[in-house]
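Visitor: Dumping the structure here so I can ask a few things about it.
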Amino acid sequence: MLSHHSLLLFLEEIKGHTAGSTNCNGMRTFMAHIHCEDVFGIAGENFTFPLKINQKLVEILWTKNKHKVAEWEVQNETTYFDPLKNRGFLSKENGSLTIFNLENSDAGTYVLDYMDSLEENNDVVFVLSVLAPPSEPEISCNISGDGLLLQCTADFQKPLNYTWKFSSIPSTYETQEVFIPKEKADGSEKVTCFIKFSQTEKSSEISLAQCYPDEKESPPAPVWGHSHGRQSSVNFSKGLLRLLSACIAIILEY
């Protein structure tokens, strides 16, 4: 078993060989029996390194890129160091370290060195990557056969969990795409897509009326209002009277 100091020197050597792109696969290339795990968290969330330690712990030391971030010994208080001085929590029960409000700068190689009640030293290595949160989901819809095909998409580097909910349909769907039969695709129906990863959840809503193409407007039919018909009759009567008057005047002259 490597001492903590030797392990840090070993990790530094690996970084030199991997040109700063160290991950657990690269470490295992140099040392097959090393316990290393690639983990990732979302910026702005709280992140806890996954650990399963069954023995009682008497000493715990966490380092990030060779620098101490948390340390505890039996009968002593936990000491935190920058950058986790006000953003970290070390569990004395299982040795796990929690980082609150994860930042991009928290990415790096973390090493847990602990001594259990059997006075055995153990080392666990984590390579933490920090990902940007998923984007707001977008819903697209297309008329397909006898219904509508809805698709929910969001920009993210990992697979997302999808859930669909409808305003009047009691069923929920947990797929990225969902097909709505024509008889249920009422234009007044509201549809919401939820995406979730870790502690982050976002949603987007549309009305199914947005899925139907706009109908072309037909030219307006001529409107024959009653007022328009009465005016035409008055004008015709006046013209007829003038014509009769002219005829009578000609007859009288003769």
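Every chain in the structure tokens has a letter given in the order shown (A, B, ...), and although residue numbers restart at 1 in each chain, ligands are simply numbered from 1 in the order shown.
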Can you pull out the residues contacting Thr200 in chain A? Cut-off 10 Å, using only C-alpha atoms, and skip same-chain residues under 6 positions away; I want them as JSON, numbers by chain.

Guide: {"A": [42, 43, 44, 45, 133, 134]}

Visitor: Mind dumping the selected residues with C-alpha atoms as a short mmCIF file (atom, residue, chain, number, x, y, z; two decimals), in the first residue's frame?

Guide:
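For reference, out06.cif as written:
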```
data_model
loop_
_atom_site.label_atom_id
_atom_site.label_comp_id
_atom_site.auth_asym_id
_atom_site.auth_seq_id
_atom_site.Cartn_x
_atom_site.Cartn_y
_atom_site.Cartn_z
CA ILE A 42 -23.30 19.83 -11.69
CA ALA A 43 -22.17 23.42 -11.11
CA GLY A 44 -24.28 25.02 -8.39
CA GLU A 45 -25.34 21.71 -6.81
CA PRO A 133 -26.33 22.46 -15.85
CA PRO A 134 -28.62 21.21 -18.65
#
```

Visitor: Please provide the set of residues having any atom within 10 Å of range 136-153 of chain A, restricted to only C-alpha atoms, with same-chain residues fewer than 6 positions apart removed, written as a ChimeraX atom specification.

Guide: /A:160,162-164,175-185,191-195,201-206,208,210-213

Visitor: Quick one, how far is CA of Lys165 in chain A from CA of Lys190 in chain A?

Guide: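 Going from CA of Lys165 in chain A over to CA of Lys190 in chain A, I get 8.5 Å.
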
Visitor: So, with only C-alpha atoms as the atoms that count, which of A:His35, A:Lys158, A:Lys52, A:Arg87 lies closest to Tyr110 in chain A?

Guide: A:His35

Visitor: Pick out the residues sitting within 7 Å of Val39 in chain A, and hand them over as a list in words; count only C-alpha atoms, and ignore anything fewer than 4 positions along from it in its own chain.

Guide: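 The residues satisfying every condition are Phe126, Val127, Leu128 and Ser129 of chain A.
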
Visitor: Output C-alpha atoms for every residue in the selection just made, as a JSON list (two decimals), in the first residue's frame.

Guide:
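selection-v7.json written:
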```json
[["chain", "number", "residue", "atom", "x", "y", "z"],
["A", 126, "PHE", "CA", -11.54, 10.31, -7.26],
["A", 127, "VAL", "CA", -11.25, 12.37, -10.43],
["A", 128, "LEU", "CA", -14.01, 14.99, -10.27],
["A", 129, "SER", "CA", -15.37, 16.73, -13.37]]
```

Visitor: Mind the document's chain letters and residue numbers, and return as JSON, numbers by chain the residues of range 70-188 of chain A that DSSP labels helix (DSSP H, G or I).

Guide: {"A": [104, 105, 106, 182, 183, 184]}

Visitor: Using only C-alpha atoms, which of the listed residues (A:Ser168, A:Asn94, A:Ser198, A:Asn65) sits closest to Phe40 in chain A?

Guide: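 Using only C-alpha atoms, the shortest distance to Phe40 in chain A belongs to A:Ser198.
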
Visitor: What parts of range 8-181 of chain A does DSSP call strand (DSSP E or B)? I'd like the answer as a ChimeraX atom specification.

Guide: /A:36-42,47-48,57-64,67-73,79-80,88-90,97-99,108-116,121-131,138-144,147-153,161-166,173,177-181

Visitor: Quick one: distance from CA of Leu61 in chain A to CA of Gly108 in chain A in Å, one decimal?

Guide: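 It comes out at 16.1 Å.
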
Visitor: Give the answer as one residue: which of A:Leu112, A:Leu57, A:Ile169, A:Ala107 has the shortest atom-to-atom distance to Ala70 in chain A, using only C-alpha atoms?

Guide: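 Nearest to Ala70 in chain A: A:Leu112.
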
Visitor: Residues within 8 Å of Asp113 in chain A, please, as a list of chain:residue names. Count only C-alpha atoms; anything in the same chain fewer than 5 positions from it doesn't count.

Guide: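 The neighbour list is A:His4, A:Ile60, A:Leu61, A:Trp62, A:Asn121, A:Asn122, A:Asp123, A:Val124.
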